[in-house]
Amino acid sequence: MPDDDTCSIGLEGALAHAEREVDAAAKAVATLGRELKKARAAAATGQVRDLRKVLDTARALAVEVAGQVETAAASYDVDEPALLSSGAYAKELLAAAEAAGVAMFEDDDRLLCYPSIVRVLPGDLALEIDRKRARGIRPSVVVDQLGKAQRAGPRFKAAPLLASLLGAYDLVVAGQGKSPGAVVRLVDVYAVLTLLPGQSRDYTKAEFARDLYLLDQSGSQESSAGRRLRWAASSGTRGAGVLTTVTRSGQQQRYWGIAFEPATP
């Protein structure tokens, strides 16, 4: 478990403190660097009196620099794996997002921040944001990046998803012996889309639900084959088989079933 001091200030506070100490050490190093340049110039021109004086000053500064670096190194003492695995880091991210006015919600082991899906990876000391590894995990920086993505909106193409949904829908209808145009559960459609080994890991239900919302918002409902998508909501939205995501405004959006109406002759 993370220690009490880390829990009280969080990763953001610990990093801010370390940043200040490193900055102080860097300034001391810069001062030492200037004295060493003076010493080099004195040696180059043979100003031996100045050389001895500047080298004495540089020696004293070197001791100060060593102390500053030691202080900077000691200033950051965080058990990152424990912090990330305990859930404390996720809570800090949620608090930072709320303070910044960025809509973010916890959903099982993921954080939903429209249009992004974030997963904490304690073993790698990293985040997975929309299936891309992010090594920079300072909460304020992460929230700033997610906020920019939220304001910019998604880059989403409806046609490929619509075509995939139609193909999977037809397989589910045939497999369940239903008539064309019947409503089927989206979790069954998802099962077809992720039939191959490892696909459900590469394309999670959270990502599928997010993409359904983006398709819903796009207004694209008719496939290239002329078949029209119809969303089906029923008592199923309060029970098993519900897929949940977060909208742009931060509200929960649930999806349960779909149907594709036969093409008009």
# chains A, B, ... in the order shown; residues from 1 in each chain; ligands from 1

call {"tool": "select_by_dssp", "arguments": {"residues": "stretch 4-226 of chain A", "states": "helix (DSSP H, G or I)", "output": "CSV table (one decimal) with N, CA and C atoms, in the first residue's frame"}}
result
chain,number,residue,atom,x,y,z
A,4,ASP,N,1.3,6.9,3.9
A,4,ASP,CA,0.4,8.0,4.3
A,4,ASP,C,0.7,9.3,3.6
A,5,ASP,N,2.0,9.6,3.6
A,5,ASP,CA,2.4,10.9,3.0
A,5,ASP,C,2.0,11.0,1.5
A,6,THR,N,2.2,9.9,0.8
A,6,THR,CA,1.9,9.8,-0.6
A,6,THR,C,0.4,9.9,-0.8
A,7,CYS,N,-0.4,9.2,0.0
A,7,CYS,CA,-1.8,9.3,-0.1
A,7,CYS,C,-2.4,10.7,0.1
A,8,SER,N,-1.7,11.4,1.1
A,8,SER,CA,-2.2,12.7,1.4
A,8,SER,C,-1.9,13.7,0.3
A,9,ILE,N,-0.8,13.6,-0.4
A,9,ILE,CA,-0.5,14.6,-1.4
A,9,ILE,C,-0.7,14.1,-2.8
A,10,GLY,N,-0.8,12.8,-2.9
A,10,GLY,CA,-1.0,12.2,-4.2
A,10,GLY,C,0.3,12.2,-5.1
A,11,LEU,N,0.2,11.6,-6.3
A,11,LEU,CA,1.3,11.6,-7.2
A,11,LEU,C,1.5,13.0,-7.7
A,12,GLU,N,0.5,13.7,-7.9
A,12,GLU,CA,0.6,15.1,-8.4
A,12,GLU,C,1.5,15.9,-7.5
A,13,GLY,N,1.2,15.9,-6.2
A,13,GLY,CA,1.9,16.6,-5.2
A,13,GLY,C,3.3,16.1,-5.1
A,14,ALA,N,3.5,14.8,-5.1
A,14,ALA,CA,4.9,14.3,-5.0
A,14,ALA,C,5.8,14.7,-6.2
A,15,LEU,N,5.2,14.7,-7.4
A,15,LEU,CA,5.9,15.1,-8.6
A,15,LEU,C,6.2,16.6,-8.6
A,16,ALA,N,5.2,17.4,-8.1
A,16,ALA,CA,5.4,18.8,-8.0
A,16,ALA,C,6.6,19.2,-7.1
A,17,HIS,N,6.6,18.5,-5.9
A,17,HIS,CA,7.7,18.7,-4.9
A,17,HIS,C,9.0,18.3,-5.5
A,18,ALA,N,9.1,17.2,-6.2
A,18,ALA,CA,10.3,16.7,-6.8
A,18,ALA,C,10.8,17.7,-7.9
A,19,GLU,N,9.8,18.2,-8.7
A,19,GLU,CA,10.1,19.2,-9.7
A,19,GLU,C,10.8,20.4,-9.1
A,20,ARG,N,10.3,20.9,-8.0
A,20,ARG,CA,10.9,22.1,-7.4
A,20,ARG,C,12.3,21.8,-6.9
A,21,GLU,N,12.5,20.6,-6.3
A,21,GLU,CA,13.8,20.3,-5.8
A,21,GLU,C,14.8,20.1,-7.0
A,22,VAL,N,14.4,19.5,-8.0
A,22,VAL,CA,15.2,19.3,-9.2
A,22,VAL,C,15.6,20.7,-9.8
A,23,ASP,N,14.6,21.6,-9.9
A,23,ASP,CA,14.8,22.9,-10.4
A,23,ASP,C,15.9,23.6,-9.6
A,24,ALA,N,15.8,23.5,-8.3
A,24,ALA,CA,16.8,24.1,-7.4
A,24,ALA,C,18.2,23.6,-7.7
A,25,ALA,N,18.3,22.2,-7.8
A,25,ALA,CA,19.5,21.6,-8.1
A,25,ALA,C,20.1,22.0,-9.5
A,26,ALA,N,19.2,22.2,-10.5
A,26,ALA,CA,19.6,22.6,-11.8
A,26,ALA,C,20.1,24.0,-11.8
A,27,LYS,N,19.6,24.9,-11.0
A,27,LYS,CA,20.1,26.3,-10.8
A,27,LYS,C,21.5,26.3,-10.2
A,28,ALA,N,21.7,25.4,-9.2
A,28,ALA,CA,23.0,25.3,-8.6
A,28,ALA,C,24.0,24.8,-9.6
A,29,VAL,N,23.6,23.8,-10.4
A,29,VAL,CA,24.5,23.3,-11.5
A,29,VAL,C,24.9,24.4,-12.5
A,30,ALA,N,23.9,25.2,-12.8
A,30,ALA,CA,24.1,26.3,-13.8
A,30,ALA,C,25.1,27.3,-13.2
A,31,THR,N,25.0,27.6,-11.9
A,31,THR,CA,25.9,28.5,-11.3
A,31,THR,C,27.3,27.9,-11.3
A,32,LEU,N,27.4,26.6,-11.0
A,32,LEU,CA,28.7,25.9,-11.0
A,32,LEU,C,29.3,25.9,-12.4
A,33,GLY,N,28.4,25.7,-13.4
A,33,GLY,CA,28.9,25.8,-14.8
A,33,GLY,C,29.5,27.1,-15.2
A,34,ARG,N,28.9,28.2,-14.7
A,34,ARG,CA,29.4,29.5,-15.0
A,34,ARG,C,30.8,29.7,-14.4
A,35,GLU,N,31.0,29.3,-13.2
A,35,GLU,CA,32.3,29.4,-12.5
A,35,GLU,C,33.3,28.6,-13.3
A,36,LEU,N,33.0,27.4,-13.7
A,36,LEU,CA,33.9,26.5,-14.5
A,36,LEU,C,34.3,27.2,-15.8
A,37,LYS,N,33.4,27.9,-16.4
A,37,LYS,CA,33.7,28.6,-17.7
A,37,LYS,C,34.7,29.7,-17.4
A,38,LYS,N,34.5,30.4,-16.3
A,38,LYS,CA,35.5,31.4,-15.9
A,38,LYS,C,36.9,30.8,-15.6
A,39,ALA,N,36.9,29.6,-15.0
A,39,ALA,CA,38.1,28.9,-14.7
A,39,ALA,C,38.8,28.5,-16.0
A,40,ARG,N,38.1,28.0,-17.0
A,40,ARG,CA,38.6,27.6,-18.2
A,40,ARG,C,39.2,28.8,-19.0
A,41,ALA,N,38.5,29.9,-18.9
A,41,ALA,CA,39.0,31.2,-19.6
A,41,ALA,C,40.3,31.6,-18.9
A,42,ALA,N,40.3,31.6,-17.6
A,42,ALA,CA,41.5,32.0,-16.9
A,42,ALA,C,42.7,31.1,-17.2
A,43,ALA,N,42.5,29.8,-17.3
A,43,ALA,CA,43.5,28.8,-17.6
A,43,ALA,C,44.0,29.1,-19.1
A,44,ALA,N,43.1,29.4,-20.0
A,44,ALA,CA,43.4,29.6,-21.4
A,44,ALA,C,44.3,30.8,-21.6
A,45,THR,N,44.1,31.8,-20.7
A,45,THR,CA,44.9,33.1,-20.9
A,45,THR,C,46.0,33.2,-19.9
A,48,VAL,N,46.6,33.3,-13.6
A,48,VAL,CA,46.7,32.2,-12.6
A,48,VAL,C,46.1,32.7,-11.3
A,49,ARG,N,46.1,33.9,-10.9
A,49,ARG,CA,45.5,34.4,-9.7
A,49,ARG,C,44.0,34.2,-9.8
A,50,ASP,N,43.4,34.6,-10.9
A,50,ASP,CA,41.9,34.4,-11.1
A,50,ASP,C,41.6,32.9,-11.1
A,51,LEU,N,42.5,32.1,-11.7
A,51,LEU,CA,42.2,30.7,-11.9
A,51,LEU,C,42.1,30.0,-10.5
A,52,ARG,N,43.0,30.3,-9.6
A,52,ARG,CA,43.0,29.7,-8.3
A,52,ARG,C,41.7,30.1,-7.5
A,53,LYS,N,41.4,31.4,-7.6
A,53,LYS,CA,40.2,31.9,-6.9
A,53,LYS,C,38.9,31.3,-7.4
A,54,VAL,N,38.8,31.2,-8.7
A,54,VAL,CA,37.6,30.7,-9.3
A,54,VAL,C,37.5,29.2,-9.0
A,55,LEU,N,38.6,28.5,-9.1
A,55,LEU,CA,38.5,27.0,-8.8
A,55,LEU,C,38.1,26.8,-7.3
A,56,ASP,N,38.6,27.6,-6.4
A,56,ASP,CA,38.1,27.5,-5.0
A,56,ASP,C,36.6,27.7,-4.9
A,57,THR,N,36.1,28.7,-5.6
A,57,THR,CA,34.7,28.9,-5.6
A,57,THR,C,33.9,27.7,-6.2
A,58,ALA,N,34.5,27.2,-7.3
A,58,ALA,CA,33.8,26.1,-8.0
A,58,ALA,C,33.8,24.8,-7.1
A,59,ARG,N,34.9,24.6,-6.3
A,59,ARG,CA,34.9,23.5,-5.4
A,59,ARG,C,33.8,23.6,-4.3
A,60,ALA,N,33.6,24.8,-3.8
A,60,ALA,CA,32.6,25.0,-2.8
A,60,ALA,C,31.2,24.8,-3.4
A,61,LEU,N,31.1,25.3,-4.6
A,61,LEU,CA,29.8,25.1,-5.3
A,61,LEU,C,29.5,23.7,-5.6
A,62,ALA,N,30.5,22.9,-5.9
A,62,ALA,CA,30.3,21.5,-6.2
A,62,ALA,C,29.8,20.7,-5.0
A,63,VAL,N,30.2,21.1,-3.9
A,63,VAL,CA,29.7,20.5,-2.6
A,63,VAL,C,28.2,20.9,-2.5
A,64,GLU,N,27.9,22.1,-2.8
A,64,GLU,CA,26.5,22.6,-2.7
A,64,GLU,C,25.7,21.8,-3.7
A,65,VAL,N,26.2,21.7,-4.9
A,65,VAL,CA,25.4,21.0,-5.9
A,65,VAL,C,25.2,19.5,-5.5
A,66,ALA,N,26.2,18.9,-5.0
A,66,ALA,CA,26.0,17.5,-4.5
A,66,ALA,C,24.9,17.4,-3.5
A,67,GLY,N,24.8,18.4,-2.6
A,67,GLY,CA,23.8,18.4,-1.6
A,67,GLY,C,22.4,18.6,-2.2
A,68,GLN,N,22.3,19.5,-3.2
A,68,GLN,CA,21.1,19.8,-3.8
A,68,GLN,C,20.6,18.6,-4.6
A,69,VAL,N,21.5,17.9,-5.2
A,69,VAL,CA,21.1,16.7,-6.0
A,69,VAL,C,20.6,15.6,-5.0
A,70,GLU,N,21.3,15.4,-3.9
A,70,GLU,CA,20.9,14.4,-2.9
A,70,GLU,C,19.5,14.8,-2.4
A,71,THR,N,19.3,16.0,-2.1
A,71,THR,CA,17.9,16.5,-1.6
A,71,THR,C,16.9,16.2,-2.7
A,72,ALA,N,17.2,16.5,-3.9
A,72,ALA,CA,16.2,16.2,-5.0
A,72,ALA,C,15.9,14.7,-5.2
A,73,ALA,N,17.0,13.9,-5.0
A,73,ALA,CA,16.7,12.5,-5.1
A,73,ALA,C,15.9,12.0,-4.0
A,74,ALA,N,16.1,12.5,-2.8
A,74,ALA,CA,15.4,12.1,-1.6
A,74,ALA,C,13.9,12.6,-1.6
A,75,SER,N,13.7,13.7,-2.4
A,75,SER,CA,12.4,14.3,-2.3
A,75,SER,C,11.3,13.5,-3.0
A,80,GLU,N,5.2,3.6,-6.7
A,80,GLU,CA,4.3,3.7,-7.8
A,80,GLU,C,3.4,2.5,-8.1
A,81,PRO,N,4.0,1.3,-8.1
A,81,PRO,CA,3.1,0.1,-8.3
A,81,PRO,C,2.0,0.0,-7.3
A,82,ALA,N,2.3,0.3,-6.0
A,82,ALA,CA,1.2,0.2,-5.0
A,82,ALA,C,0.2,1.3,-5.2
A,83,LEU,N,0.7,2.5,-5.5
A,83,LEU,CA,-0.2,3.6,-5.8
A,83,LEU,C,-1.2,3.3,-6.9
A,84,LEU,N,-0.7,2.8,-8.0
A,84,LEU,CA,-1.5,2.5,-9.2
A,84,LEU,C,-2.4,1.3,-9.0
A,85,SER,N,-1.9,0.3,-8.3
A,85,SER,CA,-2.7,-0.9,-8.1
A,85,SER,C,-3.8,-0.8,-7.0
A,88,ALA,N,-5.8,4.2,-5.7
A,88,ALA,CA,-5.6,5.6,-5.3
A,88,ALA,C,-5.3,6.6,-6.4
A,89,TYR,N,-4.5,6.0,-7.4
A,89,TYR,CA,-4.1,6.9,-8.5
A,89,TYR,C,-5.4,7.2,-9.4
A,90,ALA,N,-6.2,6.2,-9.6
A,90,ALA,CA,-7.4,6.4,-10.4
A,90,ALA,C,-8.3,7.4,-9.7
A,91,LYS,N,-8.4,7.3,-8.4
A,91,LYS,CA,-9.2,8.3,-7.7
A,91,LYS,C,-8.6,9.7,-7.9
A,92,GLU,N,-7.3,9.8,-7.9
A,92,GLU,CA,-6.6,11.1,-8.1
A,92,GLU,C,-6.9,11.7,-9.5
A,93,LEU,N,-6.9,10.8,-10.4
A,93,LEU,CA,-7.2,11.2,-11.8
A,93,LEU,C,-8.6,11.7,-11.9
A,94,LEU,N,-9.6,11.0,-11.3
A,94,LEU,CA,-11.0,11.4,-11.3
A,94,LEU,C,-11.1,12.8,-10.6
A,95,ALA,N,-10.4,13.0,-9.5
A,95,ALA,CA,-10.5,14.3,-8.8
A,95,ALA,C,-9.9,15.4,-9.7
A,96,ALA,N,-8.8,15.1,-10.3
A,96,ALA,CA,-8.1,16.1,-11.2
A,96,ALA,C,-9.0,16.5,-12.3
A,97,ALA,N,-9.7,15.5,-12.9
A,97,ALA,CA,-10.6,15.7,-14.0
A,97,ALA,C,-11.8,16.6,-13.6
A,98,GLU,N,-12.3,16.3,-12.4
A,98,GLU,CA,-13.5,17.1,-11.9
A,98,GLU,C,-13.0,18.5,-11.7
A,99,ALA,N,-11.9,18.7,-11.1
A,99,ALA,CA,-11.4,20.1,-10.9
A,99,ALA,C,-11.1,20.8,-12.2
A,100,ALA,N,-10.8,20.1,-13.2
A,100,ALA,CA,-10.5,20.8,-14.5
A,100,ALA,C,-11.7,20.9,-15.4
A,122,PRO,N,-0.6,-0.9,-13.7
A,122,PRO,CA,0.4,-0.8,-12.5
A,122,PRO,C,1.7,-1.5,-12.8
A,123,GLY,N,1.7,-2.6,-13.5
A,123,GLY,CA,2.9,-3.4,-13.8
A,123,GLY,C,3.9,-2.7,-14.7
A,124,ASP,N,3.3,-1.8,-15.5
A,124,ASP,CA,4.2,-1.1,-16.5
A,124,ASP,C,4.4,0.4,-16.1
A,139,PRO,N,-1.0,13.3,-13.1
A,139,PRO,CA,-2.5,13.5,-13.3
A,139,PRO,C,-2.8,14.8,-14.0
A,140,SER,N,-2.2,15.9,-13.7
A,140,SER,CA,-2.6,17.2,-14.4
A,140,SER,C,-2.3,17.1,-15.9
A,141,VAL,N,-1.2,16.4,-16.2
A,141,VAL,CA,-0.8,16.3,-17.7
A,141,VAL,C,-1.8,15.4,-18.4
A,142,VAL,N,-2.1,14.3,-17.8
A,142,VAL,CA,-3.1,13.3,-18.4
A,142,VAL,C,-4.4,14.0,-18.6
A,143,VAL,N,-4.9,14.6,-17.6
A,143,VAL,CA,-6.2,15.3,-17.7
A,143,VAL,C,-6.2,16.4,-18.7
A,144,ASP,N,-5.1,17.1,-18.8
A,144,ASP,CA,-5.0,18.1,-19.9
A,144,ASP,C,-5.1,17.5,-21.3
A,145,GLN,N,-4.4,16.4,-21.5
A,145,GLN,CA,-4.5,15.7,-22.8
A,145,GLN,C,-5.9,15.2,-23.1
A,146,LEU,N,-6.5,14.6,-22.1
A,146,LEU,CA,-7.8,14.0,-22.3
A,146,LEU,C,-8.8,15.2,-22.5
A,147,GLY,N,-8.7,16.3,-21.8
A,147,GLY,CA,-9.5,17.4,-22.0
A,147,GLY,C,-9.5,18.0,-23.4
A,148,LYS,N,-8.3,18.0,-24.0
A,148,LYS,CA,-8.1,18.5,-25.4
A,148,LYS,C,-8.8,17.5,-26.3
A,149,ALA,N,-8.6,16.2,-26.1
A,149,ALA,CA,-9.3,15.2,-26.9
A,149,ALA,C,-10.8,15.3,-26.8
A,150,GLN,N,-11.3,15.6,-25.6
A,150,GLN,CA,-12.7,15.7,-25.4
A,150,GLN,C,-13.3,16.9,-26.1
A,151,ARG,N,-12.5,18.0,-26.1
A,151,ARG,CA,-13.0,19.2,-26.8
A,151,ARG,C,-12.9,19.1,-28.3
A,152,ALA,N,-11.9,18.4,-28.8
A,152,ALA,CA,-11.7,18.2,-30.2
A,152,ALA,C,-12.7,17.2,-30.8
A,158,ALA,N,-18.2,6.0,-39.6
A,158,ALA,CA,-19.3,5.2,-39.2
A,158,ALA,C,-19.5,4.0,-40.2
A,159,ALA,N,-19.2,4.1,-41.4
A,159,ALA,CA,-19.5,3.1,-42.4
A,159,ALA,C,-18.8,1.7,-42.1
A,160,PRO,N,-17.5,1.7,-41.7
A,160,PRO,CA,-17.0,0.4,-41.4
A,160,PRO,C,-17.6,-0.3,-40.2
A,161,LEU,N,-18.0,0.4,-39.1
A,161,LEU,CA,-18.7,-0.2,-38.0
A,161,LEU,C,-20.0,-0.6,-38.4
A,162,LEU,N,-20.7,0.2,-39.2
A,162,LEU,CA,-22.1,-0.2,-39.6
A,162,LEU,C,-22.1,-1.5,-40.4
A,163,ALA,N,-21.1,-1.6,-41.3
A,163,ALA,CA,-20.9,-2.9,-42.1
A,163,ALA,C,-20.6,-4.1,-41.2
A,164,SER,N,-19.8,-3.9,-40.2
A,164,SER,CA,-19.4,-5.0,-39.3
A,164,SER,C,-20.6,-5.4,-38.4
A,165,LEU,N,-21.4,-4.4,-38.0
A,165,LEU,CA,-22.6,-4.7,-37.2
A,165,LEU,C,-23.6,-5.5,-38.0
A,166,LEU,N,-23.8,-5.1,-39.3
A,166,LEU,CA,-24.7,-5.8,-40.1
A,166,LEU,C,-24.3,-7.3,-40.4
A,167,GLY,N,-23.0,-7.5,-40.6
A,167,GLY,CA,-22.5,-8.9,-40.9
A,167,GLY,C,-22.7,-9.7,-39.6
A,168,ALA,N,-22.3,-9.2,-38.5
A,168,ALA,CA,-22.5,-9.9,-37.2
A,168,ALA,C,-24.0,-10.1,-36.9
A,169,TYR,N,-24.8,-9.1,-37.1
A,169,TYR,CA,-26.2,-9.2,-36.8
A,169,TYR,C,-26.8,-10.4,-37.6
A,170,ASP,N,-26.5,-10.5,-38.9
A,170,ASP,CA,-27.1,-11.6,-39.7
A,170,ASP,C,-26.7,-12.9,-39.2
A,171,LEU,N,-25.4,-13.0,-38.7
A,171,LEU,CA,-25.0,-14.3,-38.2
A,171,LEU,C,-25.7,-14.7,-36.9
A,172,VAL,N,-26.0,-13.7,-36.1
A,172,VAL,CA,-26.7,-13.9,-34.8
A,172,VAL,C,-28.1,-14.3,-35.2
A,173,VAL,N,-28.8,-13.6,-36.1
A,173,VAL,CA,-30.2,-13.9,-36.5
A,173,VAL,C,-30.3,-15.4,-37.0
A,174,ALA,N,-29.3,-15.7,-37.9
A,174,ALA,CA,-29.3,-17.1,-38.4
A,174,ALA,C,-29.1,-18.1,-37.3
A,175,GLY,N,-28.1,-17.8,-36.5
A,175,GLY,CA,-27.7,-18.8,-35.4
A,175,GLY,C,-28.8,-19.0,-34.4
A,186,LEU,N,-27.0,-6.8,-28.2
A,186,LEU,CA,-25.7,-6.4,-28.7
A,186,LEU,C,-24.6,-7.2,-28.1
A,187,VAL,N,-24.8,-7.8,-27.0
A,187,VAL,CA,-23.7,-8.6,-26.4
A,187,VAL,C,-23.5,-9.9,-27.3
A,188,ASP,N,-24.6,-10.3,-27.9
A,188,ASP,CA,-24.4,-11.4,-28.9
A,188,ASP,C,-23.7,-11.0,-30.2
A,189,VAL,N,-24.0,-9.8,-30.6
A,189,VAL,CA,-23.3,-9.3,-31.8
A,189,VAL,C,-21.8,-9.1,-31.4
A,190,TYR,N,-21.5,-8.6,-30.2
A,190,TYR,CA,-20.2,-8.4,-29.8
A,190,TYR,C,-19.4,-9.8,-29.8
A,191,ALA,N,-20.1,-10.8,-29.3
A,191,ALA,CA,-19.5,-12.1,-29.3
A,191,ALA,C,-19.1,-12.6,-30.6
A,192,VAL,N,-19.9,-12.3,-31.7
A,192,VAL,CA,-19.5,-12.7,-33.0
A,192,VAL,C,-18.3,-11.8,-33.5
A,193,LEU,N,-18.4,-10.6,-33.2
A,193,LEU,CA,-17.3,-9.7,-33.7
A,193,LEU,C,-15.9,-10.0,-33.1
A,199,GLN,N,-9.4,-11.6,-29.5
A,199,GLN,CA,-10.1,-10.4,-30.1
A,199,GLN,C,-10.8,-9.6,-29.0
A,200,SER,N,-11.4,-10.3,-28.0
A,200,SER,CA,-12.2,-9.6,-27.0
A,200,SER,C,-11.2,-8.9,-26.1
A,201,ARG,N,-9.9,-9.3,-26.0
A,201,ARG,CA,-8.9,-8.5,-25.3
A,201,ARG,C,-8.5,-7.3,-26.1
A,202,ASP,N,-8.4,-7.4,-27.4
A,202,ASP,CA,-8.0,-6.3,-28.2
A,202,ASP,C,-9.1,-5.3,-28.5
A,205,LYS,N,-15.5,-4.7,-24.5
A,205,LYS,CA,-16.9,-4.2,-24.5
A,205,LYS,C,-17.0,-2.7,-24.3
A,206,ALA,N,-16.1,-2.2,-23.5
A,206,ALA,CA,-16.1,-0.7,-23.2
A,206,ALA,C,-15.8,0.0,-24.5
A,207,GLU,N,-14.9,-0.5,-25.3
A,207,GLU,CA,-14.6,0.2,-26.6
A,207,GLU,C,-15.8,0.0,-27.6
A,208,PHE,N,-16.4,-1.2,-27.5
A,208,PHE,CA,-17.6,-1.5,-28.4
A,208,PHE,C,-18.7,-0.5,-28.0
A,209,ALA,N,-19.0,-0.4,-26.7
A,209,ALA,CA,-20.0,0.5,-26.3
A,209,ALA,C,-19.8,2.0,-26.7
A,210,ARG,N,-18.5,2.4,-26.6
A,210,ARG,CA,-18.1,3.7,-27.0
A,210,ARG,C,-18.4,3.9,-28.5
A,211,ASP,N,-18.0,2.9,-29.3
A,211,ASP,CA,-18.2,3.0,-30.7
A,211,ASP,C,-19.7,3.0,-31.1
A,212,LEU,N,-20.5,2.3,-30.3
A,212,LEU,CA,-21.9,2.3,-30.6
A,212,LEU,C,-22.5,3.7,-30.4
A,213,TYR,N,-22.0,4.4,-29.3
A,213,TYR,CA,-22.5,5.8,-29.0
A,213,TYR,C,-22.0,6.7,-30.2
A,214,LEU,N,-20.8,6.5,-30.6
A,214,LEU,CA,-20.3,7.4,-31.7
A,214,LEU,C,-21.1,7.2,-33.0
A,215,LEU,N,-21.4,5.9,-33.3
A,215,LEU,CA,-22.3,5.6,-34.4
A,215,LEU,C,-23.7,6.2,-34.2
A,216,ASP,N,-24.2,6.1,-33.1
A,216,ASP,CA,-25.5,6.7,-32.7
A,216,ASP,C,-25.5,8.2,-33.0
A,217,GLN,N,-24.5,8.8,-32.5
A,217,GLN,CA,-24.4,10.3,-32.6
A,217,GLN,C,-24.1,10.7,-34.1
A,218,SER,N,-23.5,9.9,-34.9
A,218,SER,CA,-23.2,10.2,-36.2
A,218,SER,C,-24.4,10.4,-37.1

call {"tool": "atom_distance", "arguments": {"atom1": "atom CA of A:Thr244", "atom2": "atom CA of A:Leu112"}}
result
10.1 Å

call {"tool": "select_by_dssp", "arguments": {"residues": "stretch 1-222 of chain A", "states": "strand (DSSP E or B)", "output": "PyMOL selection string"}}
result
chain A and resi 105-107+110-113+116-121+126-129+132-134+184-185+222

call {"tool": "write_last_selection", "arguments": {"atoms": "C-alpha atoms", "output": "PDB file, in the first residue's frame"}}
result
ATOM      1  CA  PHE A 105     -16.215   8.257 -14.943  1.00  0.00           C
ATOM      2  CA  GLU A 106     -15.041   4.970 -13.482  1.00  0.00           C
ATOM      3  CA  ASP A 107     -16.303   1.807 -15.173  1.00  0.00           C
ATOM      4  CA  ARG A 110     -11.385   1.502 -16.818  1.00  0.00           C
ATOM      5  CA  LEU A 111     -11.952   5.230 -16.803  1.00  0.00           C
ATOM      6  CA  LEU A 112     -14.326   6.591 -19.417  1.00  0.00           C
ATOM      7  CA  CYS A 113     -13.484  10.081 -20.610  1.00  0.00           C
ATOM      8  CA  SER A 116     -11.229   8.131 -24.715  1.00  0.00           C
ATOM      9  CA  ILE A 117     -11.013   4.966 -22.651  1.00  0.00           C
ATOM     10  CA  VAL A 118      -8.253   4.882 -20.045  1.00  0.00           C
ATOM     11  CA  ARG A 119      -6.826   1.848 -18.290  1.00  0.00           C
ATOM     12  CA  VAL A 120      -4.241   1.951 -15.485  1.00  0.00           C
ATOM     13  CA  LEU A 121      -1.335  -0.477 -15.958  1.00  0.00           C
ATOM     14  CA  ALA A 126       1.834   3.483 -17.441  1.00  0.00           C
ATOM     15  CA  LEU A 127      -1.621   4.153 -18.816  1.00  0.00           C
ATOM     16  CA  GLU A 128      -3.366   2.713 -21.821  1.00  0.00           C
ATOM     17  CA  ILE A 129      -5.349   5.431 -23.576  1.00  0.00           C
ATOM     18  CA  LYS A 132      -1.931   3.339 -26.894  1.00  0.00           C
ATOM     19  CA  ARG A 133       0.660   3.125 -24.123  1.00  0.00           C
ATOM     20  CA  ALA A 134       1.270   6.396 -22.264  1.00  0.00           C
ATOM     21  CA  VAL A 184     -30.945  -9.275 -31.130  1.00  0.00           C
ATOM     22  CA  ARG A 185     -28.830  -8.416 -28.106  1.00  0.00           C
ATOM     23  CA  GLU A 222     -28.333   2.973 -43.358  1.00  0.00           C
TER      24      GLU A 222
END

call {"tool": "atom_distance", "arguments": {"atom1": "atom CA of A:Arg248", "atom2": "atom CA of A:Asp108"}}
result
19.3 Å

call {"tool": "decode", "arguments": {"residues": "stretch 167-200 of chain A", "atoms": "C-alpha atoms", "output": "CSV table (one decimal), in the first residue's frame"}}
result
chain,number,residue,atom,x,y,z
A,167,GLY,CA,-22.5,-8.9,-40.9
A,168,ALA,CA,-22.5,-9.9,-37.2
A,169,TYR,CA,-26.2,-9.2,-36.8
A,170,ASP,CA,-27.1,-11.6,-39.7
A,171,LEU,CA,-25.0,-14.3,-38.2
A,172,VAL,CA,-26.7,-13.9,-34.8
A,173,VAL,CA,-30.2,-13.9,-36.5
A,174,ALA,CA,-29.3,-17.1,-38.4
A,175,GLY,CA,-27.7,-18.8,-35.4
A,176,GLN,CA,-30.7,-18.0,-33.2
A,177,GLY,CA,-33.3,-19.0,-35.8
A,178,LYS,CA,-34.9,-15.6,-35.8
A,179,SER,CA,-36.7,-13.9,-38.7
A,180,PRO,CA,-35.0,-11.0,-40.7
A,181,GLY,CA,-35.5,-7.7,-38.9
A,182,ALA,CA,-35.7,-9.3,-35.4
A,183,VAL,CA,-34.1,-7.6,-32.5
A,184,VAL,CA,-30.9,-9.3,-31.1
A,185,ARG,CA,-28.8,-8.4,-28.1
A,186,LEU,CA,-25.7,-6.4,-28.7
A,187,VAL,CA,-23.7,-8.6,-26.4
A,188,ASP,CA,-24.4,-11.4,-28.9
A,189,VAL,CA,-23.3,-9.3,-31.8
A,190,TYR,CA,-20.2,-8.4,-29.8
A,191,ALA,CA,-19.5,-12.1,-29.3
A,192,VAL,CA,-19.5,-12.7,-33.0
A,193,LEU,CA,-17.3,-9.7,-33.7
A,194,THR,CA,-14.7,-11.0,-31.2
A,195,LEU,CA,-15.0,-14.7,-32.0
A,196,LEU,CA,-11.3,-15.3,-32.7
A,197,PRO,CA,-8.9,-15.9,-29.8
A,198,GLY,CA,-7.7,-12.7,-28.2
A,199,GLN,CA,-10.1,-10.4,-30.1
A,200,SER,CA,-12.2,-9.6,-27.0
